[in-house]
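K.L.:
Please find coords-v4.cif (mmCIF, C-alpha atoms) on the next line:
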data_model
#
loop_
_atom_site.group_PDB
_atom_site.id
_atom_site.type_symbol
_atom_site.label_atom_id
_atom_site.label_comp_id
_atom_site.auth_asym_id
_atom_site.auth_seq_id
_atom_site.Cartn_x
_atom_site.Cartn_y
_atom_site.Cartn_z
ATOM 1 C CA MET A 1 92.207 27.560 -3.634
ATOM 2 C CA HIS A 2 88.804 28.919 -2.635
ATOM 3 C CA LYS A 3 88.018 30.750 0.608
ATOM 4 C CA ILE A 4 84.975 31.582 2.687
ATOM 5 C CA GLN A 5 84.940 33.486 5.948
ATOM 6 C CA GLU A 6 82.272 34.557 8.397
ATOM 7 C CA SER A 7 82.307 36.015 11.911
ATOM 8 C CA ILE A 8 79.839 36.248 14.758
ATOM 9 C CA GLU A 9 79.906 37.978 18.126
ATOM 10 C CA ILE A 10 79.167 35.747 21.101
ATOM 11 C CA LYS A 11 78.300 37.222 24.480
ATOM 12 C CA ALA A 12 80.794 35.065 26.383
ATOM 13 C CA SER A 13 84.469 35.019 27.253
ATOM 14 C CA ALA A 14 87.017 33.677 24.779
ATOM 15 C CA LYS A 15 87.757 30.905 27.293
ATOM 16 C CA LYS A 16 84.127 29.725 27.221
ATOM 17 C CA VAL A 17 83.912 29.870 23.398
ATOM 18 C CA PHE A 18 87.260 28.106 23.029
ATOM 19 C CA ALA A 19 86.107 25.287 25.324
ATOM 20 C CA LEU A 20 83.433 24.455 22.751
ATOM 21 C CA LEU A 21 85.760 24.855 19.756
ATOM 22 C CA LYS A 22 88.389 22.481 21.097
ATOM 23 C CA ASP A 23 85.742 19.848 21.903
ATOM 24 C CA ILE A 24 85.774 18.652 18.296
ATOM 25 C CA ASP A 25 83.132 15.966 18.838
ATOM 26 C CA ARG A 26 80.653 18.411 20.371
ATOM 27 C CA ARG A 27 81.430 21.143 17.811
ATOM 28 C CA LEU A 28 81.014 18.876 14.774
ATOM 29 C CA ARG A 29 77.769 17.410 16.100
ATOM 30 C CA LEU A 30 76.306 20.946 16.197
ATOM 31 C CA ASN A 31 76.646 21.134 12.399
ATOM 32 C CA PRO A 32 73.178 20.415 10.931
ATOM 33 C CA PHE A 33 74.683 19.796 7.480
ATOM 34 C CA LEU A 34 76.823 16.836 8.562
ATOM 35 C CA LYS A 35 75.914 13.464 9.938
ATOM 36 C CA ILE A 36 78.722 12.369 12.232
ATOM 37 C CA ILE A 37 79.392 8.658 11.931
ATOM 38 C CA TRP A 38 82.676 8.441 13.808
ATOM 39 C CA ILE A 39 85.181 10.697 15.561
ATOM 40 C CA GLN A 40 88.296 9.237 17.124
ATOM 41 C CA LYS A 41 91.222 11.142 18.607
ATOM 42 C CA LEU A 42 94.422 9.556 17.283
ATOM 43 C CA THR A 43 96.851 11.327 19.605
ATOM 44 C CA GLU A 44 97.259 11.081 23.374
ATOM 45 C CA GLY A 45 96.351 13.728 25.929
ATOM 46 C CA GLU A 46 94.423 16.969 25.784
ATOM 47 C CA PRO A 47 93.801 18.500 22.343
ATOM 48 C CA LYS A 48 96.786 20.683 21.383
ATOM 49 C CA LEU A 49 99.158 21.502 18.536
ATOM 50 C CA GLY A 50 99.688 18.315 16.526
ATOM 51 C CA SER A 51 96.498 16.611 17.711
ATOM 52 C CA ARG A 52 95.040 14.326 15.050
ATOM 53 C CA PHE A 53 91.490 13.063 14.626
ATOM 54 C CA TRP A 54 89.919 10.409 12.403
ATOM 55 C CA ILE A 55 86.528 11.745 11.359
ATOM 56 C CA VAL A 56 83.888 9.914 9.326
ATOM 57 C CA THR A 57 80.887 11.941 8.161
ATOM 58 C CA SER A 58 78.031 11.719 5.731
ATOM 59 C CA CYS A 59 76.735 14.655 3.734
ATOM 60 C CA ASN A 60 74.315 14.429 0.802
ATOM 61 C CA ASN A 61 74.518 10.628 1.053
ATOM 62 C CA ARG A 62 78.301 10.677 0.543
ATOM 63 C CA ARG A 63 80.535 9.141 3.169
ATOM 64 C CA ARG A 64 83.754 10.992 3.865
ATOM 65 C CA ASP A 65 86.686 9.640 5.882
ATOM 66 C CA CYS A 66 89.392 12.088 6.810
ATOM 67 C CA ILE A 67 92.310 12.637 9.116
ATOM 68 C CA VAL A 68 92.389 16.159 10.552
ATOM 69 C CA GLU A 69 95.497 17.594 12.210
ATOM 70 C CA TRP A 70 95.709 20.754 14.284
ATOM 71 C CA ILE A 71 98.616 22.603 12.678
ATOM 72 C CA GLU A 72 98.318 25.765 14.812
ATOM 73 C CA TYR A 73 96.971 26.042 18.315
ATOM 74 C CA GLU A 74 96.888 28.952 20.728
ATOM 75 C CA GLU A 75 94.785 28.394 23.849
ATOM 76 C CA ASN A 76 91.679 30.602 23.945
ATOM 77 C CA LYS A 77 92.678 32.306 20.671
ATOM 78 C CA LYS A 78 93.132 30.052 17.652
ATOM 79 C CA ILE A 79 92.848 26.563 16.175
ATOM 80 C CA VAL A 80 94.008 25.840 12.627
ATOM 81 C CA SER A 81 93.309 22.379 11.243
ATOM 82 C CA TYR A 82 94.278 20.778 7.968
ATOM 83 C CA GLU A 83 92.762 17.811 6.155
ATOM 84 C CA SER A 84 95.084 16.575 3.414
ATOM 85 C CA ILE A 85 92.715 14.485 1.276
ATOM 86 C CA THR A 86 90.444 17.417 0.428
ATOM 87 C CA GLN A 87 93.208 19.967 1.093
ATOM 88 C CA THR A 88 90.947 21.874 3.445
ATOM 89 C CA LYS A 89 92.375 24.330 5.946
ATOM 90 C CA LEU A 90 90.062 25.571 8.704
ATOM 91 C CA THR A 91 91.028 28.543 10.877
ATOM 92 C CA LEU A 92 88.995 29.369 13.969
ATOM 93 C CA THR A 93 90.067 32.586 15.701
ATOM 94 C CA LEU A 94 88.741 34.412 18.723
ATOM 95 C CA SER A 95 89.013 38.128 19.462
ATOM 96 C CA GLU A 96 87.730 39.493 22.751
ATOM 97 C CA THR A 97 85.607 42.623 22.725
ATOM 98 C CA SER A 98 84.089 44.715 25.511
ATOM 99 C CA THR A 99 80.818 42.772 25.143
ATOM 100 C CA GLY A 100 82.071 39.249 24.442
ATOM 101 C CA THR A 101 84.086 37.424 21.803
ATOM 102 C CA ILE A 102 84.166 37.493 18.024
ATOM 103 C CA LEU A 103 84.485 34.028 16.499
ATOM 104 C CA THR A 104 85.852 34.022 12.953
ATOM 105 C CA HIS A 105 85.577 30.845 10.885
ATOM 106 C CA LYS A 106 87.685 30.783 7.712
ATOM 107 C CA GLU A 107 87.939 27.848 5.308
ATOM 108 C CA GLU A 108 90.336 27.392 2.406
ATOM 109 C CA PHE A 109 89.526 24.482 0.089
ATOM 110 C CA GLU A 110 89.385 23.034 -3.405
ATOM 111 C CA ILE A 111 86.083 22.309 -5.123
ATOM 112 C CA PRO A 112 86.360 19.151 -7.243
ATOM 113 C CA PHE A 113 85.114 19.310 -10.828
ATOM 114 C CA ASP A 114 82.596 16.529 -10.060
ATOM 115 C CA ILE A 115 80.996 18.729 -7.378
ATOM 116 C CA VAL A 116 80.838 21.811 -9.617
ATOM 117 C CA PHE A 117 78.922 19.902 -12.300
ATOM 118 C CA ARG A 118 76.948 17.511 -10.065
ATOM 119 C CA ASP A 119 73.569 18.935 -11.189
ATOM 120 C CA GLU A 120 74.222 18.012 -14.839
ATOM 121 C CA LEU A 121 75.873 14.690 -14.109
ATOM 122 C CA GLY A 122 73.967 13.346 -11.143
ATOM 123 C CA GLU A 123 76.073 10.793 -9.314
ATOM 124 C CA GLU A 124 77.978 9.485 -12.325
ATOM 125 C CA GLU A 125 81.750 9.885 -12.489
ATOM 126 C CA ILE A 126 82.958 12.471 -14.981
ATOM 127 C CA PRO A 127 85.047 10.844 -17.705
ATOM 128 C CA LEU A 128 88.607 12.132 -17.927
ATOM 129 C CA TRP A 129 88.148 13.137 -21.585
ATOM 130 C CA ARG A 130 85.283 15.462 -20.587
ATOM 131 C CA LYS A 131 87.402 17.119 -17.899
ATOM 132 C CA ILE A 132 90.237 17.639 -20.394
ATOM 133 C CA LEU A 133 87.901 19.113 -23.026
ATOM 134 C CA TYR A 134 86.265 21.357 -20.460
ATOM 135 C CA PHE A 135 89.530 22.728 -19.124
ATOM 136 C CA ALA A 136 90.863 23.135 -22.667
ATOM 137 C CA LYS A 137 88.450 26.057 -23.019
ATOM 138 C CA PRO A 138 90.100 29.443 -22.670
ATOM 139 C CA PHE A 139 90.185 30.842 -19.151
ATOM 140 C CA PRO A 140 88.576 32.488 -17.387
ATOM 141 C CA ASN A 141 85.797 29.974 -17.940
ATOM 142 C CA ILE A 142 82.686 31.932 -16.946
ATOM 143 C CA GLU A 143 80.429 28.871 -16.595
ATOM 144 C CA TYR A 144 82.847 27.217 -14.150
ATOM 145 C CA THR A 145 83.453 30.463 -12.232
ATOM 146 C CA ASN A 146 79.717 31.123 -11.874
ATOM 147 C CA LYS A 147 79.015 27.597 -10.638
ATOM 148 C CA VAL A 148 81.830 27.848 -8.082
ATOM 149 C CA GLU A 149 80.455 31.169 -6.791
ATOM 150 C CA VAL A 150 76.993 29.602 -6.359
ATOM 151 C CA ILE A 151 78.548 26.755 -4.345
ATOM 152 C CA LYS A 152 80.525 29.201 -2.203
ATOM 153 C CA GLU A 153 77.404 31.275 -1.505
ATOM 154 C CA ARG A 154 75.598 28.122 -0.343
ATOM 155 C CA LEU A 155 78.565 27.269 1.870
ATOM 156 C CA ARG A 156 78.588 30.809 3.324
ATOM 157 C CA ALA A 157 74.865 30.569 4.098
ATOM 158 C CA ASN A 158 75.400 27.206 5.802
ATOM 159 C CA LEU A 159 78.359 28.621 7.728
ATOM 160 C CA LYS A 160 76.230 31.518 9.018
ATOM 161 C CA ILE A 161 73.674 28.992 10.279
ATOM 162 C CA LEU A 162 76.402 26.931 11.976
ATOM 163 C CA LEU A 163 77.906 30.008 13.663
ATOM 164 C CA THR A 164 74.456 31.003 14.950
ATOM 165 C CA ILE A 165 74.037 27.508 16.416
ATOM 166 C CA ILE A 166 77.468 27.725 18.082
ATOM 167 C CA LYS A 167 76.554 31.156 19.496
ATOM 168 C CA LYS A 168 73.298 29.811 20.961
ATOM 169 C CA GLU A 169 75.098 26.766 22.404
ATOM 170 C CA VAL A 170 77.735 28.888 24.164
ATOM 171 C CA GLU A 171 75.272 31.530 25.380
ATOM 172 C CA LYS A 172 72.603 29.110 26.630
ATOM 173 C CA ASP A 173 74.363 28.516 29.969
ATOM 174 C CA LEU A 174 74.900 32.216 30.704
#
Would you mind writing the file out in structure tokens?
P.N.:
Amino acid sequence: MHKIQESIEIKASAKKVFALLKDIDRRLRLNPFLKIIWIQKLTEGEPKLGSRFWIVTSCNNRRRDCIVEWIEYEENKKIVSYESITQTKLTLTLSETSTGTILTHKEEFEIPFDIVFRDELGEEEIPLWRKILYFAKPFPNIEYTNKVEVIKERLRANLKILLTIIKKEVEKDL
């Protein structure tokens, strides 16, 4: 399981920041790296623990359908969501400071082999025999590890941009 985490201080109350975070449609549409095709809440009532959402996005010309469930929820403090297909866990936490609120965004995820070697393969599917031969190499496999770190650095850079956009969105009405 891979992890990335970034934080940003927002000059607003935790209540104001949390209002944006729990508005999943608004929050996801702020992400410049995703094209939102569809978001539908699958559970009744206000977003809370156990809320489920059907989300369809497009990124790098790849459509992705997923069901996201909020597995932890603490009003004005924390939302933890889990998406089982990609095994992605997202934790959004808020900590109040004397000057505002610190938003921490942490993601835990798998990176599929096809994504790690996309540059060499283009869009073709990796044959199973190639995956087996590749993983038959002794570990730690430096080539794989290096490629994963490059991907994670790109994701961290994108996350910093997203957090800056969220900060500007929350602070614009102050």
K.L.:
Interatomic distance between atom CA of A:Asn141 and atom CA of A:Glu153?
P.N.:
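Here the two named atoms are 18.5 Å from each other.
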K.L.:
Have a look at atom CA of A:Leu34 and atom CA of A:Leu49 and let me know their distance in Å, one decimal.
P.N.:
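According to the coordinates, atom CA of A:Leu34 and atom CA of A:Leu49 are separated by 24.9 Å.
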K.L.:
Selected by the PyMOL selection byres ((chain A and resi 9-23) around 8) in the shown coordinates: which residues, as a list in words?
P.N.:
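Evaluating the PyMOL selection byres ((chain A and resi 9-23) around 8) on this file yields Ser7, Ile8, Ile24, Asp25, Arg26, Arg27, Pro47, Glu75, Asn76, Lys77, Ile79, Leu94, Ser95, Glu96, Thr99, Gly100, Thr101, Ile102, Leu103, Lys167, Val170, Glu171 and Leu174 of chain A.
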K.L.:
Residues near A:Gln40, anyone? I mean within 10 Å using only C-alpha atoms, not counting same-chain ones fewer than 4 positions away, as number ranges by chain.
P.N.:
A: 24-25, 52-56, 67
K.L.:
Mind writing the picked residues with C-alpha atoms as a short mmCIF file (atom, residue, chain, number, x, y, z; two decimals), in the frame of the given file?
P.N.:
data_model
loop_
_atom_site.label_atom_id
_atom_site.label_comp_id
_atom_site.auth_asym_id
_atom_site.auth_seq_id
_atom_site.Cartn_x
_atom_site.Cartn_y
_atom_site.Cartn_z
CA ILE A 24 85.77 18.65 18.30
CA ASP A 25 83.13 15.97 18.84
CA ARG A 52 95.04 14.33 15.05
CA PHE A 53 91.49 13.06 14.63
CA TRP A 54 89.92 10.41 12.40
CA ILE A 55 86.53 11.74 11.36
CA VAL A 56 83.89 9.91 9.33
CA ILE A 67 92.31 12.64 9.12
#
K.L.:
Apply the PyMOL selection byres ((chain A and resi 65) around 12) to the displayed file and report the matching residues as a list in words.
P.N.:
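Applying the expression gives Ile36, Ile37, Trp38, Ile39, Gln40, Phe53, Trp54, Ile55, Val56, Thr57, Ser58, Cys59, Arg62, Arg63, Arg64, Cys66, Ile67, Val68, Glu83, Ser84, Ile85 and Thr86 of chain A.
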K.L.:
Would you please work out which residue, of A:Asn61, A:Thr93, A:Gln5, A:Gln87, is nearest to A:Glu74 when using all atoms listed in the file?
P.N.:
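Smallest separation from A:Glu74 among the options: A:Thr93.
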K.L.:
Please determine the residues with any atom at most 10 Å from (81.5, 24.3, 13.1) (coordinates as given in the file, with all atoms listed in the file counting) and report them as a list of chain:residue names.
P.N.:
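So the residues meeting the distance criterion are A:Leu20, A:Leu21, A:Ile24, A:Arg26, A:Arg27, A:Leu28, A:Arg29, A:Leu30, A:Asn31, A:Pro32, A:Phe33, A:Leu34, A:Leu90, A:Leu92, A:His105, A:Asn158, A:Leu159, A:Lys160, A:Ile161, A:Leu162, A:Leu163, A:Thr164, A:Ile165, A:Ile166.
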K.L.:
Can you work out the spacing between atom CA of A:Thr104 and atom CA of A:Glu44 in Å, to one decimal?
P.N.:
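Taking atom CA of A:Thr104 as the start and atom CA of A:Glu44 as the end point, the length is 27.7 Å.
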K.L.:
Name all residues at most 6 Å from A:Ser81 (count all atoms listed in the file; drop same-chain ones fewer than 4 positions away) and give them as a VMD selection string.
P.N.:
chain A and resid 69 to 71 89 to 90
K.L.:
May I have the residues from that selection written out with C-alpha atoms, as a CSV table (one decimal), keeping the file's coordinate frame?
P.N.:
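Dumped to selection15.csv:
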chain,number,residue,atom,x,y,z
A,69,GLU,CA,95.5,17.6,12.2
A,70,TRP,CA,95.7,20.8,14.3
A,71,ILE,CA,98.6,22.6,12.7
A,89,LYS,CA,92.4,24.3,5.9
A,90,LEU,CA,90.1,25.6,8.7
